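Printed here is model_32.cif (mmCIF, C-alpha atoms (C1' of nucleotides)):
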```cif
data_upload
loop_
_atom_site.label_atom_id
_atom_site.label_comp_id
_atom_site.auth_asym_id
_atom_site.auth_seq_id
_atom_site.Cartn_x
_atom_site.Cartn_y
_atom_site.Cartn_z
CA MET A 1 -122.40 180.36 26.11
CA SER A 2 -124.78 181.17 28.91
CA ASP A 3 -127.42 182.25 26.44
CA ARG A 4 -129.82 179.37 26.57
CA LEU A 5 -131.28 180.36 29.92
CA ASP A 6 -134.93 180.05 30.72
CA TRP A 7 -134.57 183.33 32.57
CA ASN A 8 -133.88 185.06 29.34
CA ASP A 9 -137.35 184.06 28.28
CA LEU A 10 -138.81 185.04 31.60
CA ARG A 11 -137.16 188.40 31.48
CA GLU A 12 -138.16 189.00 27.92
CA ARG A 13 -141.73 188.14 28.72
CA ARG A 14 -141.70 190.48 31.69
CA MET A 15 -140.33 193.26 29.54
CA THR A 16 -142.95 192.92 26.86
CA GLU A 17 -146.01 192.74 29.04
CA PRO A 18 -148.50 195.50 28.34
CA GLY A 19 -148.19 198.60 30.47
CA ALA A 20 -145.11 197.35 32.18
CA ALA A 21 -142.88 200.31 31.53
CA GLU A 22 -141.61 200.45 35.11
CA THR A 23 -141.25 196.73 35.42
CA TYR A 24 -139.38 196.85 32.16
CA GLU A 25 -136.98 199.39 33.57
CA ALA A 26 -136.47 197.50 36.80
CA THR A 27 -135.85 194.31 34.87
CA ARG A 28 -133.38 196.08 32.63
CA ILE A 29 -131.57 197.52 35.62
CA ALA A 30 -131.45 194.09 37.19
CA PHE A 31 -129.97 192.64 34.04
CA GLU A 32 -127.31 195.32 33.82
CA LEU A 33 -126.41 194.96 37.47
CA GLY A 34 -126.06 191.25 36.95
CA GLN A 35 -123.67 191.79 34.11
CA GLU A 36 -121.70 194.30 36.11
CA VAL A 37 -121.37 191.92 39.03
CA ARG A 38 -120.23 189.18 36.71
CA HIS A 39 -117.67 191.53 35.29
CA LEU A 40 -116.43 192.60 38.71
CA ARG A 41 -116.36 189.02 39.91
CA GLU A 42 -114.28 187.90 36.97
CA GLY A 43 -112.03 190.88 37.57
CA HIS A 44 -111.36 189.44 41.01
CA GLY A 45 -110.72 186.06 39.46
CA TRP A 46 -113.51 184.56 41.54
CA SER A 47 -115.85 181.73 40.78
CA GLN A 48 -119.55 182.14 41.57
CA SER A 49 -119.03 179.94 44.60
CA GLU A 50 -116.29 182.16 45.93
CA LEU A 51 -118.29 185.32 45.47
CA ALA A 52 -121.26 183.59 47.02
CA ARG A 53 -119.28 182.73 50.12
CA ALA A 54 -117.92 186.26 50.36
CA ALA A 55 -121.37 187.74 50.02
CA GLY A 56 -123.07 185.29 52.33
CA MET A 57 -125.14 183.58 49.70
CA THR A 58 -125.07 180.43 47.63
CA GLN A 59 -123.68 179.80 44.17
CA SER A 60 -127.16 179.30 42.83
CA ALA A 61 -128.25 182.68 44.08
CA VAL A 62 -125.28 184.33 42.41
CA ALA A 63 -125.99 182.54 39.15
CA ARG A 64 -129.64 183.51 39.28
CA PHE A 65 -128.75 187.10 39.93
CA GLU A 66 -126.04 187.35 37.28
CA ALA A 67 -128.40 185.92 34.73
CA GLY A 68 -130.95 188.57 35.58
CA GLY A 69 -133.31 185.88 36.76
CA THR A 70 -134.86 188.11 39.42
CA VAL A 71 -134.92 191.77 40.32
CA PRO A 72 -132.55 191.92 43.27
CA THR A 73 -133.33 193.60 46.58
CA LEU A 74 -131.21 196.30 48.13
CA PRO A 75 -129.86 194.08 50.93
CA VAL A 76 -128.57 191.60 48.37
CA LEU A 77 -127.02 194.33 46.26
CA GLU A 78 -125.42 195.72 49.37
CA ARG A 79 -123.85 192.40 50.30
CA LEU A 80 -122.55 191.90 46.78
CA ALA A 81 -121.12 195.40 46.73
CA ARG A 82 -119.28 194.76 49.96
CA ALA A 83 -117.92 191.45 48.78
CA LEU A 84 -116.69 193.10 45.62
CA ASP A 85 -115.18 196.01 47.50
CA ARG A 86 -117.63 198.49 46.10
CA ARG A 87 -120.18 200.88 47.47
CA LEU A 88 -123.81 200.51 46.51
CA ASP A 89 -125.05 203.77 45.12
CA VAL A 90 -128.79 204.36 44.68
CA ARG A 91 -130.18 207.74 43.83
CA PHE A 92 -132.78 209.69 41.92
CA ALA A 93 -130.85 211.38 39.19
CA SER A 94 -132.03 214.28 37.15
CA ASN A 95 -133.33 213.10 33.84
CA ALA A 96 -130.76 215.29 32.16
CA ASP A 97 -127.85 213.50 33.81
CA ALA A 98 -125.70 211.22 31.77
CA ALA A 99 -126.35 207.52 31.94
CA MET B 1 -143.65 215.95 63.84
CA SER B 2 -143.46 212.62 62.19
CA ASP B 3 -141.06 211.36 64.82
CA ARG B 4 -143.29 209.17 66.89
CA LEU B 5 -143.39 206.38 64.32
CA ASP B 6 -143.25 202.76 65.25
CA TRP B 7 -141.13 202.29 62.19
CA ASN B 8 -138.41 204.34 63.74
CA ASP B 9 -138.20 201.69 66.40
CA LEU B 10 -138.38 198.91 63.87
CA ARG B 11 -135.64 200.46 61.82
CA GLU B 12 -133.49 201.12 64.82
CA ARG B 13 -133.91 197.57 65.96
CA ARG B 14 -132.98 196.31 62.52
CA MET B 15 -129.92 198.49 62.49
CA THR B 16 -128.65 197.31 65.83
CA GLU B 17 -129.09 193.61 65.37
CA PRO B 18 -125.83 191.68 65.73
CA GLY B 19 -123.93 191.04 62.52
CA ALA B 20 -126.34 193.01 60.42
CA ALA B 21 -123.87 195.32 58.78
CA GLU B 22 -125.40 194.87 55.33
CA THR B 23 -128.93 195.05 56.57
CA TYR B 24 -127.89 198.18 58.39
CA GLU B 25 -126.64 199.70 55.18
CA ALA B 26 -129.72 198.75 53.22
CA THR B 27 -131.92 200.16 55.94
CA ARG B 28 -129.95 203.37 55.98
CA ILE B 29 -130.19 203.65 52.20
CA ALA B 30 -133.91 203.06 52.42
CA PHE B 31 -134.25 205.78 55.01
CA GLU B 32 -132.29 208.27 52.95
CA LEU B 33 -134.24 207.46 49.81
CA GLY B 34 -137.42 208.00 51.74
CA GLN B 35 -136.28 211.41 52.82
CA GLU B 36 -135.23 212.29 49.31
CA VAL B 37 -138.59 211.29 47.92
CA ARG B 38 -140.34 213.34 50.55
CA HIS B 39 -138.18 216.27 49.60
CA LEU B 40 -138.83 215.86 45.90
CA ARG B 41 -142.52 215.38 46.50
CA GLU B 42 -142.77 218.56 48.52
CA GLY B 43 -140.80 220.31 45.82
CA HIS B 44 -143.59 219.38 43.45
CA GLY B 45 -146.10 220.63 45.93
CA TRP B 46 -147.74 217.24 46.06
CA SER B 47 -149.48 215.44 48.86
CA GLN B 48 -148.70 211.80 49.51
CA SER B 49 -151.99 210.93 47.86
CA GLU B 50 -151.08 212.78 44.70
CA LEU B 51 -147.67 211.19 44.46
CA ALA B 52 -149.26 207.84 45.16
CA ARG B 53 -151.64 208.25 42.28
CA ALA B 54 -148.86 209.36 39.96
CA ALA B 55 -146.71 206.41 40.96
CA GLY B 56 -149.49 203.86 40.86
CA MET B 57 -149.55 203.15 44.55
CA THR B 58 -151.56 204.15 47.60
CA GLN B 59 -151.01 206.92 50.07
CA SER B 60 -150.26 204.40 52.78
CA ALA B 61 -147.50 202.88 50.69
CA VAL B 62 -145.95 206.27 50.11
CA ALA B 63 -146.11 207.08 53.83
CA ARG B 64 -144.57 203.76 54.73
CA PHE B 65 -141.79 204.27 52.26
CA GLU B 66 -141.05 207.87 53.20
CA ALA B 67 -140.86 206.89 56.84
CA GLY B 68 -138.30 204.22 55.99
CA GLY B 69 -140.74 201.58 57.15
CA THR B 70 -139.47 199.03 54.66
CA VAL B 71 -136.54 198.57 52.34
CA PRO B 72 -138.05 199.39 48.95
CA THR B 73 -137.72 197.23 45.87
CA LEU B 74 -136.33 198.43 42.57
CA PRO B 75 -139.71 198.40 40.78
CA VAL B 76 -141.17 200.69 43.42
CA LEU B 77 -138.19 203.02 43.29
CA GLU B 78 -138.49 203.06 39.53
CA ARG B 79 -142.14 204.05 39.64
CA LEU B 80 -141.46 206.78 42.16
CA ALA B 81 -138.59 208.10 40.09
CA ARG B 82 -140.82 208.31 37.03
CA ALA B 83 -143.58 210.05 38.91
CA LEU B 84 -141.08 212.57 40.24
CA ASP B 85 -139.53 213.06 36.83
CA ARG B 86 -136.27 211.48 37.82
CA ARG B 87 -134.17 208.61 36.68
CA LEU B 88 -133.40 205.77 39.06
CA ASP B 89 -129.67 205.27 39.20
CA VAL B 90 -128.23 202.13 40.78
CA ARG B 91 -124.61 201.25 40.53
CA PHE B 92 -121.57 199.78 42.22
CA ALA B 93 -119.36 202.75 42.87
CA SER B 94 -115.71 202.58 43.70
CA ASN B 95 -115.19 202.91 47.43
CA ALA B 96 -113.09 205.97 46.73
CA ASP B 97 -115.91 207.84 45.03
CA ALA B 98 -117.58 210.68 46.84
CA ALA B 99 -120.84 210.02 48.61
"C1'" DC C 1 -168.16 223.09 65.62
"C1'" DC C 2 -167.75 220.82 61.50
"C1'" DA C 3 -165.93 219.45 56.92
"C1'" DA C 4 -162.02 218.47 54.37
"C1'" DC C 5 -157.61 217.63 53.96
"C1'" DT C 6 -153.04 216.14 55.68
"C1'" DC C 7 -150.07 212.18 57.12
"C1'" DA C 8 -149.17 207.89 60.19
"C1'" DT C 9 -150.42 203.18 61.09
"C1'" DA C 10 -152.68 198.82 61.54
"C1'" DG C 11 -154.04 194.29 59.62
"C1'" DC C 12 -154.28 191.27 56.20
"C1'" DA C 13 -153.62 188.92 51.42
"C1'" DT C 14 -150.55 188.16 47.90
"C1'" DC C 15 -146.62 188.12 45.22
"C1'" DG C 16 -141.92 187.69 44.47
"C1'" DA C 17 -137.01 187.48 46.02
"C1'" DT C 18 -134.00 184.77 48.56
"C1'" DG C 19 -131.98 180.58 50.80
"C1'" DC C 20 -131.45 175.96 50.32
"C1'" DT C 21 -130.41 171.45 48.26
"C1'" DA C 22 -129.72 168.83 44.35
"C1'" DT C 23 -128.73 168.08 39.68
"C1'" DG C 24 -126.86 168.19 35.03
"C1'" DG C 25 -124.01 169.47 31.28
"C1'" DG C 26 -119.47 171.39 30.04
"C1'" DT C 27 -114.54 171.71 30.45
"C1'" DT C 28 -110.03 170.60 32.06
"C1'" DG C 29 -106.24 167.89 33.92
"C1'" DG C 30 -104.65 163.71 35.62
"C1'" DC D 1 -111.91 157.55 31.63
"C1'" DC D 2 -112.41 159.78 35.79
"C1'" DA D 3 -112.17 163.46 39.27
"C1'" DA D 4 -112.80 168.10 40.06
"C1'" DC D 5 -114.13 172.12 39.02
"C1'" DC D 6 -117.21 175.53 36.51
"C1'" DC D 7 -121.95 177.48 35.77
"C1'" DA D 8 -127.20 176.95 34.87
"C1'" DT D 9 -131.50 175.42 36.75
"C1'" DA D 10 -135.16 173.22 39.24
"C1'" DG D 11 -138.19 172.86 43.34
"C1'" DC D 12 -139.51 174.17 47.52
"C1'" DA D 13 -139.82 176.90 52.16
"C1'" DT D 14 -139.71 181.20 54.08
"C1'" DC D 15 -139.44 185.90 54.68
"C1'" DG D 16 -140.46 190.45 53.60
"C1'" DA D 17 -142.24 194.12 50.47
"C1'" DT D 18 -146.26 195.70 48.44
"C1'" DG D 19 -151.33 196.50 47.70
"C1'" DC D 20 -155.36 197.21 49.95
"C1'" DT D 21 -158.79 199.10 53.18
"C1'" DA D 22 -159.74 201.46 57.23
"C1'" DT D 23 -158.74 204.42 60.91
"C1'" DG D 24 -157.09 208.13 63.84
"C1'" DA D 25 -154.89 212.30 65.06
"C1'" DG D 26 -153.65 216.99 63.61
"C1'" DT D 27 -154.57 221.19 60.94
"C1'" DT D 28 -157.07 224.53 58.55
"C1'" DG D 29 -160.99 227.12 56.81
"C1'" DG D 30 -165.74 227.83 56.80
#
```

Can you give me the file's structure in the form of structure tokens?
Amino acid sequence: MSDRLDWNDLRERRMTEPGAAETYEATRIAFELGQEVRHLREGHGWSQSELARAAGMTQSAVARFEAGGTVPTLPVLERLARALDRRLDVRFASNADAA
Amino acid sequence: MSDRLDWNDLRERRMTEPGAAETYEATRIAFELGQEVRHLREGHGWSQSELARAAGMTQSAVARFEAGGTVPTLPVLERLARALDRRLDVRFASNADAA
DNA sequence: CCAACTCATAGCATCGATGCTATGGGTTGG
DNA sequence: CCAACCCATAGCATCGATGCTATGAGTTGG
């Protein structure tokens, strides 16, 4: 379920391009954030449409984001965080820090 | 020193627009990240040009970012983190968590 | 005084994320 | 079988971030 996306291909392609180590990372982060949002959303018992309304976006945008279809921008992450009653945390961690 | 920027005005304007709570937050985050990068960069004893080269961008881009001139994208943050020997950490923290 | 370096900015092209509308397939409940 | 909901995707317009080049002002060292 939800594994026949075109975006999976897109993402995979992006992550295997030559010399795209940073893009790879960003894409991976985007994917993980998408999964986390999906998790949080389901925890709230919300549909994509409901989250979308709460975050001031459309269902399609939520779907695209959850699927890792694009690398989200900070404003979007911020709105999602608010809707999900979280705080967006972005920082440069020491490489030694735990993941 | 470094306080006569046009971007300060731009940012301020962005942060005082009506109903721009999320944009405000994103702009604030961008500003803080910029300051942190500047701090880290100076800790390495690097000029903007040197960091730019290490991060695969130009000096003007670094200056723009450090000044909070734009809200950076994850790929850019990732590249800067790598150049500065850090790990980019993005997550949805519980509202109770410390800043 | 000049050369070399610093950082701040401008202007423009391009790329990519987002917003939007519209489907389509899947599932469920009547 | 149909209505109503779910989510995945497409296509397109727009906006904004980034890359680029080129200055300019300030500082420092010769």

| task | Considering all atoms listed in the file, extract the chain B residues located within 9 Å of chain D and return them as a ChimeraX atom specification. | result | /B:57-58,61,70-73,76

| request: Specify as number ranges by chain each residue included when the PyMOL selection byres ((chain A) within 7 of (chain B)) is applied to this file. | output: A: 22-23, 26, 73-75, 78-79, 81, 85-95

| message | Please find the residues of chain C near chain A - the criterion being any atom within 10 Å, counting only C-alpha atoms (C1' of nucleotides) - and write them as a PyMOL selection string. | response | chain C and resi 16-20

| request: Identify the residues around (-148.6, 205.8, 59.6) within a radius of 8 Å, measuring from only C-alpha atoms (C1' of nucleotides) in the coordinates stated by the file, and give them as a list in words. | output: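 Taken together, the residues in range are Leu5, Ser60, Ala63 and Arg64 of chain B; DC7, DA8 and DT9 of chain C.
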
| note | Taken to one decimal, the atom C1' of DG24 of chain C-atom CA of Gln59 of chain A distance is 15.1 Å

| request: Record the distance separating atom CA of His44 of chain A and atom CA of Phe65 of chain A, expressed in Å with one decimal. | output: 17.6 Å

| query | Mind pulling up the distance from atom CA of Ala67 of chain A to atom CA of Gly34 of chain A? | reply |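 Atom CA of Ala67 of chain A lies 6.2 Å from atom CA of Gly34 of chain A.
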